[in-house]
Structure formats: C-alpha cells, structure tokens
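Okay, start-v2.json is below, JSON, C-alpha atoms:
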```
[["chain", "number", "residue", "atom", "x", "y", "z"],
["A", 262, "MET", "CA", 50.46, 3.09, 38.71],
["A", 263, "THR", "CA", 49.93, 2.28, 35.03],
["A", 264, "GLN", "CA", 48.15, -0.99, 35.86],
["A", 265, "ILE", "CA", 45.92, 0.76, 38.39],
["A", 266, "LEU", "CA", 45.11, 3.53, 35.87],
["A", 267, "LEU", "CA", 44.15, 1.03, 33.15],
["A", 268, "ALA", "CA", 41.93, -0.86, 35.58],
["A", 269, "MET", "CA", 40.22, 2.42, 36.57],
["A", 270, "ILE", "CA", 39.59, 3.25, 32.88],
["A", 271, "VAL", "CA", 38.00, -0.17, 32.36],
["A", 272, "LEU", "CA", 35.81, 0.38, 35.41],
["A", 273, "VAL", "CA", 34.70, 3.82, 34.22],
["A", 274, "ASN", "CA", 33.83, 2.43, 30.76],
["A", 275, "LEU", "CA", 31.85, -0.37, 32.43],
["A", 276, "VAL", "CA", 29.81, 2.17, 34.40],
["A", 277, "VAL", "CA", 29.08, 4.12, 31.21],
["A", 278, "LEU", "CA", 27.98, 0.95, 29.40],
["A", 279, "LEU", "CA", 25.74, -0.06, 32.30],
["A", 280, "SER", "CA", 24.10, 3.38, 32.30],
["A", 281, "ARG", "CA", 23.45, 3.28, 28.57],
["A", 282, "GLY", "CA", 22.23, -0.32, 28.75],
["A", 283, "SER", "CA", 19.83, 0.50, 31.57],
["A", 284, "ALA", "CA", 18.28, 3.37, 29.60],
["A", 285, "SER", "CA", 17.98, 1.21, 26.47],
["A", 286, "ALA", "CA", 16.44, -1.67, 28.45],
["A", 287, "ALA", "CA", 13.79, 0.69, 29.84],
["A", 288, "ARG", "CA", 12.84, 1.77, 26.32],
["A", 289, "ILE", "CA", 12.74, -1.81, 25.03],
["A", 290, "ASN", "CA", 10.58, -2.95, 27.95],
["A", 291, "ALA", "CA", 8.20, -0.05, 27.28],
["A", 292, "VAL", "CA", 7.76, -1.33, 23.70],
["A", 293, "PHE", "CA", 7.17, -4.90, 24.87],
["A", 294, "GLU", "CA", 4.53, -3.73, 27.33],
["A", 295, "VAL", "CA", 2.42, -2.02, 24.64],
["A", 296, "GLU", "CA", -0.80, -3.90, 23.95],
["A", 297, "PRO", "CA", -1.69, -4.12, 20.23],
["A", 298, "SER", "CA", -4.92, -2.38, 19.28],
["A", 299, "VAL", "CA", -5.73, -5.01, 16.63],
["A", 300, "ARG", "CA", -5.81, -8.63, 17.77],
["A", 301, "GLU", "CA", -6.17, -11.79, 15.72],
["A", 302, "THR", "CA", -9.41, -13.41, 16.88],
["A", 303, "ALA", "CA", -9.97, -15.98, 14.10],
["A", 304, "LYS", "CA", -8.08, -19.26, 14.46],
["A", 305, "SER", "CA", -9.24, -21.11, 11.34],
["A", 306, "GLU", "CA", -9.48, -20.02, 7.71],
["A", 307, "VAL", "CA", -12.83, -18.79, 6.40],
["A", 308, "THR", "CA", -14.52, -19.58, 3.08],
["A", 309, "PRO", "CA", -14.76, -16.46, 0.86],
["A", 310, "ASP", "CA", -17.90, -15.76, -1.16],
["A", 311, "THR", "CA", -16.70, -15.65, -4.76],
["A", 312, "LYS", "CA", -19.94, -13.96, -5.88],
["A", 313, "ALA", "CA", -19.68, -11.07, -3.43],
["A", 314, "PRO", "CA", -17.87, -7.80, -4.23],
["A", 315, "LYS", "CA", -14.12, -7.91, -3.61],
["A", 316, "ILE", "CA", -14.28, -5.02, -1.13],
["A", 317, "GLU", "CA", -17.31, -3.58, 0.64],
["A", 318, "PHE", "CA", -17.55, -0.80, 3.21],
["A", 319, "ARG", "CA", -20.77, -0.58, 5.22],
["A", 320, "ASN", "CA", -21.25, 2.69, 7.11],
["A", 321, "VAL", "CA", -17.60, 2.73, 8.16],
["A", 322, "SER", "CA", -16.24, 5.43, 10.46],
["A", 323, "PHE", "CA", -12.78, 5.55, 11.99],
["A", 324, "THR", "CA", -10.90, 7.66, 14.52],
["A", 325, "TYR", "CA", -7.32, 7.45, 15.79],
["A", 326, "GLY", "CA", -8.60, 8.21, 19.27],
["A", 327, "ASP", "CA", -8.34, 11.99, 19.28],
["A", 328, "GLY", "CA", -12.11, 12.41, 19.12],
["A", 329, "ASP", "CA", -12.33, 13.50, 15.47],
["A", 330, "ASN", "CA", -13.35, 11.00, 12.78],
["A", 331, "GLU", "CA", -10.68, 10.46, 10.15],
["A", 332, "LEU", "CA", -13.28, 8.62, 8.06],
["A", 333, "GLU", "CA", -17.00, 9.18, 8.42],
["A", 334, "ASN", "CA", -19.88, 6.93, 7.32],
["A", 335, "LEU", "CA", -18.27, 5.44, 4.20],
["A", 336, "SER", "CA", -20.35, 3.00, 2.13],
["A", 337, "PHE", "CA", -19.21, 1.67, -1.24],
["A", 338, "THR", "CA", -18.31, -1.55, -3.08],
["A", 339, "ILE", "CA", -15.37, -2.50, -5.29],
["A", 340, "GLU", "CA", -16.15, -5.29, -7.73],
["A", 341, "ARG", "CA", -13.77, -8.10, -8.60],
["A", 342, "ASN", "CA", -11.13, -7.70, -11.30],
["A", 343, "THR", "CA", -11.71, -3.98, -11.68],
["A", 344, "PHE", "CA", -9.49, -0.90, -11.58],
["A", 345, "THR", "CA", -10.52, 1.49, -8.80],
["A", 346, "GLY", "CA", -8.95, 4.87, -8.12],
["A", 347, "ILE", "CA", -9.12, 6.79, -4.85],
["A", 348, "ILE", "CA", -8.43, 10.50, -5.14],
["A", 349, "GLY", "CA", -8.61, 13.42, -2.77],
["A", 350, "THR", "CA", -6.67, 16.27, -1.25],
["A", 351, "THR", "CA", -3.89, 15.75, 1.29],
["A", 352, "GLY", "CA", -5.28, 14.53, 4.61],
["A", 353, "SER", "CA", -8.61, 13.39, 3.21],
["A", 354, "GLY", "CA", -8.19, 9.85, 4.60],
["A", 355, "LYS", "CA", -7.07, 7.89, 1.53],
["A", 356, "SER", "CA", -4.25, 5.93, 3.20],
["A", 357, "THR", "CA", -6.35, 5.36, 6.31],
["A", 358, "LEU", "CA", -9.04, 3.75, 4.16],
["A", 359, "LEU", "CA", -6.48, 1.30, 2.74],
["A", 360, "SER", "CA", -5.28, 0.42, 6.25],
["A", 361, "LEU", "CA", -8.78, -0.74, 7.17],
["A", 362, "ILE", "CA", -8.92, -3.16, 4.22],
["A", 363, "MET", "CA", -5.84, -5.10, 5.39],
["A", 364, "ARG", "CA", -6.88, -4.61, 9.03],
["A", 365, "TYR", "CA", -3.89, -2.65, 10.18],
["A", 366, "TYR", "CA", -6.59, -0.77, 12.11],
["A", 367, "ASP", "CA", -10.12, -1.76, 13.08],
["A", 368, "ALA", "CA", -13.06, 0.38, 12.02],
["A", 369, "THR", "CA", -14.55, 2.35, 14.90],
["A", 370, "GLU", "CA", -18.05, 1.87, 13.44],
["A", 371, "GLY", "CA", -19.43, -0.19, 10.59],
["A", 372, "GLU", "CA", -18.05, -3.22, 8.74],
["A", 373, "VAL", "CA", -15.27, -3.80, 6.22],
["A", 374, "LEU", "CA", -15.77, -6.93, 4.10],
["A", 375, "VAL", "CA", -13.38, -8.73, 1.77],
["A", 376, "ASP", "CA", -14.96, -11.39, -0.46],
["A", 377, "GLY", "CA", -18.17, -11.02, 1.53],
["A", 378, "VAL", "CA", -16.49, -11.81, 4.88],
["A", 379, "ASN", "CA", -15.81, -9.32, 7.66],
["A", 380, "VAL", "CA", -12.06, -8.71, 7.91],
["A", 381, "LYS", "CA", -12.28, -9.41, 11.67],
["A", 382, "ASP", "CA", -13.23, -13.01, 10.86],
["A", 383, "TYR", "CA", -10.06, -13.62, 8.80],
["A", 384, "PRO", "CA", -6.80, -14.94, 10.23],
["A", 385, "PHE", "CA", -4.13, -12.34, 9.50],
["A", 386, "THR", "CA", -2.22, -14.71, 7.20],
["A", 387, "GLN", "CA", -5.22, -15.53, 5.02],
["A", 388, "LEU", "CA", -6.32, -11.89, 4.74],
["A", 389, "ARG", "CA", -2.97, -10.31, 4.00],
["A", 390, "SER", "CA", -1.50, -13.05, 1.81],
["A", 391, "GLN", "CA", -4.09, -12.42, -0.89],
["A", 392, "ALA", "CA", -3.01, -8.80, -1.41],
["A", 393, "GLY", "CA", 0.12, -7.17, -2.75],
["A", 394, "THR", "CA", 0.65, -3.76, -1.17],
["A", 395, "VAL", "CA", 2.92, -0.86, -2.12],
["A", 396, "PRO", "CA", 3.08, 1.80, 0.64],
["A", 397, "GLN", "CA", 3.69, 5.50, 0.09],
["A", 398, "LYS", "CA", 7.36, 5.17, 0.96],
["A", 399, "SER", "CA", 8.98, 2.68, -1.40],
["A", 400, "VAL", "CA", 11.49, 0.58, 0.55],
["A", 401, "LEU", "CA", 13.67, -2.22, -0.77],
["A", 402, "PHE", "CA", 15.53, -4.69, 1.41],
["A", 403, "SER", "CA", 19.25, -5.41, 1.28],
["A", 404, "GLY", "CA", 20.07, -8.48, -0.78],
["A", 405, "THR", "CA", 19.41, -9.06, -4.46],
["A", 406, "ILE", "CA", 16.59, -8.34, -6.88],
["A", 407, "ARG", "CA", 15.55, -12.00, -6.66],
["A", 408, "THR", "CA", 15.31, -12.04, -2.86],
["A", 409, "ASN", "CA", 13.32, -8.80, -2.90],
["A", 410, "MET", "CA", 10.88, -10.11, -5.52],
["A", 411, "ARG", "CA", 10.31, -13.27, -3.45],
["A", 412, "TRP", "CA", 9.32, -11.32, -0.36],
["A", 413, "GLN", "CA", 5.62, -12.16, -0.78],
["A", 414, "LYS", "CA", 5.91, -15.46, -2.67],
["A", 415, "GLN", "CA", 9.01, -17.31, -1.54],
["A", 416, "ASP", "CA", 8.83, -19.95, -4.27],
["A", 417, "ALA", "CA", 8.30, -17.52, -7.14],
["A", 418, "THR", "CA", 10.03, -18.65, -10.33],
["A", 419, "ASP", "CA", 12.34, -16.47, -12.39],
["A", 420, "GLU", "CA", 9.67, -16.37, -15.12],
["A", 421, "GLU", "CA", 7.12, -14.93, -12.67],
["A", 422, "ILE", "CA", 9.66, -12.35, -11.48],
["A", 423, "TRP", "CA", 10.56, -11.24, -15.00],
["A", 424, "GLU", "CA", 6.87, -10.97, -15.90],
["A", 425, "ALA", "CA", 6.26, -8.72, -12.87],
["A", 426, "LEU", "CA", 9.30, -6.61, -13.77],
["A", 427, "ARG", "CA", 7.98, -6.25, -17.31],
["A", 428, "ILE", "CA", 4.56, -5.11, -16.15],
["A", 429, "ALA", "CA", 6.12, -2.63, -13.71],
["A", 430, "GLN", "CA", 8.39, -1.26, -16.49],
["A", 431, "ALA", "CA", 11.43, -2.26, -14.41],
["A", 432, "ASP", "CA", 12.97, -4.66, -16.93],
["A", 433, "SER", "CA", 14.51, -1.69, -18.75],
["A", 434, "PHE", "CA", 17.12, -1.16, -16.01],
["A", 435, "ILE", "CA", 17.31, -4.69, -14.53],
["A", 436, "ASP", "CA", 19.31, -7.20, -16.55],
["A", 437, "ASP", "CA", 20.27, -9.62, -13.77],
["A", 438, "LEU", "CA", 18.14, -10.93, -10.90],
["A", 439, "ASP", "CA", 21.30, -11.29, -8.83],
["A", 440, "LYS", "CA", 21.96, -7.56, -8.97],
["A", 441, "THR", "CA", 22.80, -6.28, -5.48],
["A", 442, "VAL", "CA", 20.28, -4.11, -3.65],
["A", 443, "ALA", "CA", 21.65, -1.81, -0.95],
["A", 444, "GLN", "CA", 19.76, -1.34, 2.30],
["A", 445, "GLY", "CA", 16.67, 0.74, 1.58],
["A", 446, "GLY", "CA", 17.37, 0.50, -2.17],
["A", 447, "THR", "CA", 19.65, 3.53, -2.06],
["A", 448, "ASN", "CA", 21.51, 2.38, -5.18],
["A", 449, "PHE", "CA", 18.33, 3.02, -7.21],
["A", 450, "SER", "CA", 16.55, 6.27, -7.99],
["A", 451, "GLY", "CA", 13.15, 7.09, -6.51],
["A", 452, "GLY", "CA", 11.28, 6.12, -9.67],
["A", 453, "GLN", "CA", 13.22, 2.87, -9.99],
["A", 454, "ARG", "CA", 12.45, 1.96, -6.37],
["A", 455, "GLN", "CA", 8.74, 2.58, -6.96],
["A", 456, "ARG", "CA", 8.71, 0.34, -10.02],
["A", 457, "LEU", "CA", 10.58, -2.43, -8.19],
["A", 458, "CYS", "CA", 8.14, -2.22, -5.27],
["A", 459, "ILE", "CA", 5.21, -2.46, -7.70],
["A", 460, "ALA", "CA", 6.82, -5.51, -9.32],
["A", 461, "ARG", "CA", 7.31, -7.09, -5.90],
["A", 462, "ALA", "CA", 3.60, -6.57, -5.13],
["A", 463, "ILE", "CA", 2.36, -8.29, -8.29],
["A", 464, "VAL", "CA", 4.72, -11.30, -8.24],
["A", 465, "GLY", "CA", 2.55, -14.39, -8.06],
["A", 466, "SER", "CA", -0.54, -12.56, -9.38],
["A", 467, "PRO", "CA", -2.36, -11.83, -6.08],
["A", 468, "SER", "CA", -6.10, -11.31, -6.32],
["A", 469, "LEU", "CA", -5.82, -7.78, -4.89],
["A", 470, "VAL", "CA", -3.12, -5.15, -5.46],
["A", 471, "ILE", "CA", -3.11, -1.93, -3.41],
["A", 472, "LEU", "CA", -0.96, 0.95, -4.64],
["A", 473, "ASP", "CA", -0.74, 3.89, -2.24],
["A", 474, "ASP", "CA", 0.45, 6.90, -4.25],
["A", 475, "SER", "CA", 2.97, 4.65, -5.96],
["A", 476, "PHE", "CA", 3.31, 6.65, -9.19],
["A", 477, "SER", "CA", 4.44, 9.95, -7.67],
["A", 478, "ALA", "CA", 8.11, 9.60, -8.73],
["A", 479, "LEU", "CA", 7.38, 8.36, -12.26],
["A", 480, "ASP", "CA", 7.48, 10.48, -15.37],
["A", 481, "PHE", "CA", 4.24, 10.65, -17.34],
["A", 482, "VAL", "CA", 5.45, 8.40, -20.18],
["A", 483, "THR", "CA", 6.51, 5.59, -17.82],
["A", 484, "GLU", "CA", 3.33, 5.98, -15.78],
["A", 485, "LYS", "CA", 1.18, 5.66, -18.90],
["A", 486, "LYS", "CA", 2.98, 2.46, -19.98],
["A", 487, "LEU", "CA", 2.65, 1.05, -16.47],
["A", 488, "ARG", "CA", -1.07, 1.81, -16.27],
["A", 489, "GLN", "CA", -1.67, 0.17, -19.64],
["A", 490, "ALA", "CA", 0.19, -2.95, -18.50],
["A", 491, "LEU", "CA", -1.87, -3.09, -15.30],
["A", 492, "PHE", "CA", -5.12, -2.74, -17.23],
["A", 493, "GLU", "CA", -4.19, -5.86, -19.19],
["A", 494, "LYS", "CA", -4.26, -7.98, -15.99],
["A", 495, "LYS", "CA", -7.91, -8.98, -16.00],
["A", 496, "ASP", "CA", -7.66, -11.42, -13.07],
["A", 497, "THR", "CA", -6.64, -8.84, -10.44],
["A", 498, "THR", "CA", -8.46, -6.14, -8.50],
["A", 499, "PHE", "CA", -6.42, -2.93, -8.41],
["A", 500, "ILE", "CA", -6.92, -0.11, -5.91],
["A", 501, "ILE", "CA", -4.79, 2.94, -6.63],
["A", 502, "VAL", "CA", -4.51, 6.00, -4.39],
["A", 503, "THR", "CA", -3.25, 9.07, -6.17],
["A", 504, "GLN", "CA", -3.41, 12.84, -6.35],
["A", 505, "ARG", "CA", -3.11, 12.85, -10.14],
["A", 506, "CYS", "CA", -6.45, 12.78, -11.91],
["A", 507, "SER", "CA", -4.73, 11.56, -15.11],
["A", 508, "THR", "CA", -3.83, 8.34, -13.27],
["A", 509, "VAL", "CA", -7.46, 7.38, -12.59],
["A", 510, "MET", "CA", -9.32, 8.90, -15.55],
["A", 511, "GLN", "CA", -9.69, 5.48, -17.19],
["A", 512, "ALA", "CA", -10.54, 3.60, -13.97],
["A", 513, "ASP", "CA", -13.72, 1.54, -13.74],
["A", 514, "LYS", "CA", -14.66, 3.46, -10.58],
["A", 515, "ILE", "CA", -13.24, 6.53, -8.86],
["A", 516, "LEU", "CA", -13.83, 7.29, -5.17],
["A", 517, "THR", "CA", -13.45, 10.95, -4.26],
["A", 518, "LEU", "CA", -12.70, 11.71, -0.60],
["A", 519, "GLU", "CA", -12.91, 15.08, 1.13],
["A", 520, "ASP", "CA", -12.22, 15.45, 4.86],
["A", 521, "GLY", "CA", -12.91, 11.75, 5.44],
["A", 522, "ARG", "CA", -16.25, 11.77, 3.62],
["A", 523, "LEU", "CA", -17.11, 10.14, 0.31],
["A", 524, "GLU", "CA", -18.02, 13.01, -1.99],
["A", 525, "GLY", "CA", -18.66, 10.88, -5.05],
["A", 526, "ALA", "CA", -18.21, 7.48, -6.69],
["A", 527, "GLY", "CA", -18.36, 6.72, -10.38],
["A", 528, "THR", "CA", -16.47, 7.05, -13.65],
["A", 529, "HIS", "CA", -14.46, 10.10, -14.63],
["A", 530, "GLU", "CA", -17.23, 11.44, -16.86],
["A", 531, "GLU", "CA", -19.89, 11.00, -14.16],
["A", 532, "LEU", "CA", -17.85, 12.64, -11.41],
["A", 533, "PHE", "CA", -16.64, 15.51, -13.58],
["A", 534, "GLU", "CA", -20.27, 16.48, -14.13],
["A", 535, "SER", "CA", -21.75, 15.73, -10.70],
["A", 536, "CYS", "CA", -18.95, 16.00, -8.09],
["A", 537, "PRO", "CA", -17.59, 19.53, -7.43],
["A", 538, "ALA", "CA", -14.63, 18.21, -5.39],
["A", 539, "TYR", "CA", -13.46, 15.91, -8.19],
["A", 540, "ARG", "CA", -14.05, 18.58, -10.84],
["A", 541, "GLU", "CA", -11.95, 21.05, -8.86],
["A", 542, "ILE", "CA", -9.05, 18.57, -8.63],
["A", 543, "CYS", "CA", -9.19, 17.89, -12.38],
["A", 544, "LEU", "CA", -9.32, 21.55, -13.37],
["A", 545, "SER", "CA", -6.39, 22.35, -11.08],
["A", 546, "GLN", "CA", -4.21, 19.86, -12.99],
["A", 547, "LEU", "CA", -5.58, 19.82, -16.55],
["A", 548, "LYS", "CA", -7.11, 22.21, -19.00],
["A", 549, "ALA", "CA", -10.90, 22.15, -19.17],
["A", 550, "GLN", "CA", -10.86, 20.47, -22.60],
["A", 551, "GLU", "CA", -8.49, 17.71, -21.40],
["A", 552, "ALA", "CA", -10.37, 17.11, -18.15],
["A", 553, "ALA", "CA", -13.73, 16.82, -19.89],
["A", 554, "LYS", "CA", -12.51, 14.02, -22.19]]
```
Is it possible to give me this structure as structure tokens?
Amino acid sequence: MTQILLAMIVLVNLVVLLSRGSASAARINAVFEVEPSVRETAKSEVTPDTKAPKIEFRNVSFTYGDGDNELENLSFTIERNTFTGIIGTTGSGKSTLLSLIMRYYDATEGEVLVDGVNVKDYPFTQLRSQAGTVPQKSVLFSGTIRTNMRWQKQDATDEEIWEALRIAQADSFIDDLDKTVAQGGTNFSGGQRQRLCIARAIVGSPSLVILDDSFSALDFVTEKKLRQALFEKKDTTFIIVTQRCSTVMQADKILTLEDGRLEGAGTHEELFESCPAYREICLSQLKAQEAAK
C-alpha cells in the first residue's frame, strides 16, 4: 500500500508539472511568434559625414499606434561635441525622442539622421556602439565593478574605468574594481547606482552619450561636480533629459518639449525670454532672480 501510494503521489506531481509546463510553453511560444516592429535592413557599414551635425531631426512625427502622435513635426539639429539638454513636463515625449535616435523605434514620419546618415541605413551594431546610454531606471548587473564597466567596451583598461568613475563622481565610494555587485545593484544606493551607470556609459569615450533623467537621485552638490566634469569632455556629444532646469542652464542648446511639440530651442537666456513653457518650468523651480541669470 505504501509503494502504491508513493507511486500515485509521483504521478500526481507529474500531472501538475505537465500542466504548468504546458501553460508556460504557450506563453513562450507567443513571445517567439511576435514580429519585431524595427528590422535591421542594412547589411554593411556606412560612411558617416564628419561635417554634418551629430543628430538631425527632419519633420519627425511618431505614434505608438493608438492614433495620437507622441511626437509631432520635430525639426532640430545637435552639433558635434556640444552639451544639449531636453526639458519638458512629464509625458511630453522626451524619452520617446531618445528612442528614435538609437532606433529602438522607427519614426512614423520624417527622418532621423546621425552623422548625416539616416538611422535606417545603419547596421544596429554600428549605430548603437557609438553611443553610451543611461536609461531612466539605473540597473547594474551581478558580478563586479570591472565586469559592469566593461559592458560596452569589453577590452577597457583599468585606467579607462577609473577615469570614467572619476568623471561620474563614483570614485569616492569605489576603492576596488573587484567589489561585488549584487543583481540589480541592490547593494548600492539609488544615487550610487546612477553614478555607476553614468560611468559605464562613458567608458571608452563614445562619441555620443545619452542620459535619460540620470541625475534625479543625486544631491545638488554631486550633480554640480558631475556636470562640470562632463563639460570638460570636449570630444563627446552629450544629450541630457531632465526635469531640473538647473541641470541644463549652462547647456549649449536646450530643447523644450510640450505635448510632443518643440516649443523652443536655444540657450537658457534665449528661452527664458522667448519660450513661455520653458520660463514656466524655471519659475516653478527657482526664484525669478536665479532663473534669469
């Protein structure tokens, strides 16, 4: 009786496992059957135009497919080796704009150009290898500081890693590149994770660095030191998305978005005088005397 009972228990457990496995297999097959919306069409590398602007949008509109344009008729240029800030209220399309540059989505209308070449003409590897990107959610991978810093450039030297950590103001709490990193970077605070992700993006000195609201967890003193260190890198184009006007006040160009439309483009002084949307953001965060400086 005991042997029969044990065999019946094994059989019941097998039925349960088969039921769970069948449901999981159906979900996995559904993922495999999804067709990607962005396909790699270029097979060979293209030759960039070194005299063209680093980034150019030509009458770009974009929708996620719900009928409403997330971005509408955007046209602007970002010159090489400059510091560009993108500011706007929540839901104005800032992160969506960045996704079009690296071709995580294709523009519904218009053209997006990098180095004078349409992003659709680039192989994915050539387009995305030239940019270091820090997303809104700062995520580190399990391993060590060294393995995380070599995520973009696998042959990065320790000198390059320490230089990136210095620029990102992360050398103050990192004293060993073999320091263990827990999954997701949970053994670091939010501000420390952001600084490590910024360091990871600038290892190897990529020609383009995209920071998507990557200063939100930093105190103002650390942010100021970090911005000053970034300004000293004259061979890199920086694009920074933020909701803090103090972060972009010294930028070479500021793009102000409102409901997916470009409300203004220029320096802080120009926009504060001519762009009501930018002026409203500044006055909501700073005193009138500070914002006007």
Using 10 Å as the limit and counting only C-alpha atoms, can you tabulate each residue of stretch 464-516 of chain A that touches stretch 311-320 of chain A, with its shortest atom-to-atom distance in Å and the two atoms involved, as CSV?
```
residue,atom,partner,partner_atom,distance
A:Ser468,CA,A:Lys315,CA,9.1
A:Leu469,CA,A:Lys315,CA,8.4
A:Thr498,CA,A:Lys315,CA,7.7
```
message: Neighbouring residues of A:Ala462 were defined as those with any atom within 9 Å, considering all atoms listed in the file; residues of the same chain fewer than 4 positions away were excluded. Please report them as a VMD selection string.
response: chain A and resid 392 to 395 410 412 to 413 425 457 to 458 466 to 467 470 to 472
query: Could you pull the residues within 10 Å of A:Asp520, counting all atoms listed in the file, minus those fewer than 5 positions along the same chain, as number ranges by chain?
result: A: 330-333, 349-355
message: Please compute the atom CA of A:Ala368-atom CA of A:Val292 distance, one decimal, in Å.
response: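 These two atoms are separated by 23.9 Å.
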- request: Skip A:Ser450 itself and residues of its chain fewer than 4 positions away, then list as a list in words all residues within 12 Å of it, counting only C-alpha atoms.
  value: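 In the requested form, the answer reads Ser399, Val400, Leu401, Ala431, Phe434, Val442, Ala443, Gly445, Gly446, Arg454, Gln455, Arg456, Leu457, Ala478 and Leu479 of chain A.
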- prompt: For A:Arg411, which residue among A:Ile289, A:Thr369, A:Gly465, A:Glu340 is the nearest when counting all atoms listed in the file?
  reply: A:Gly465
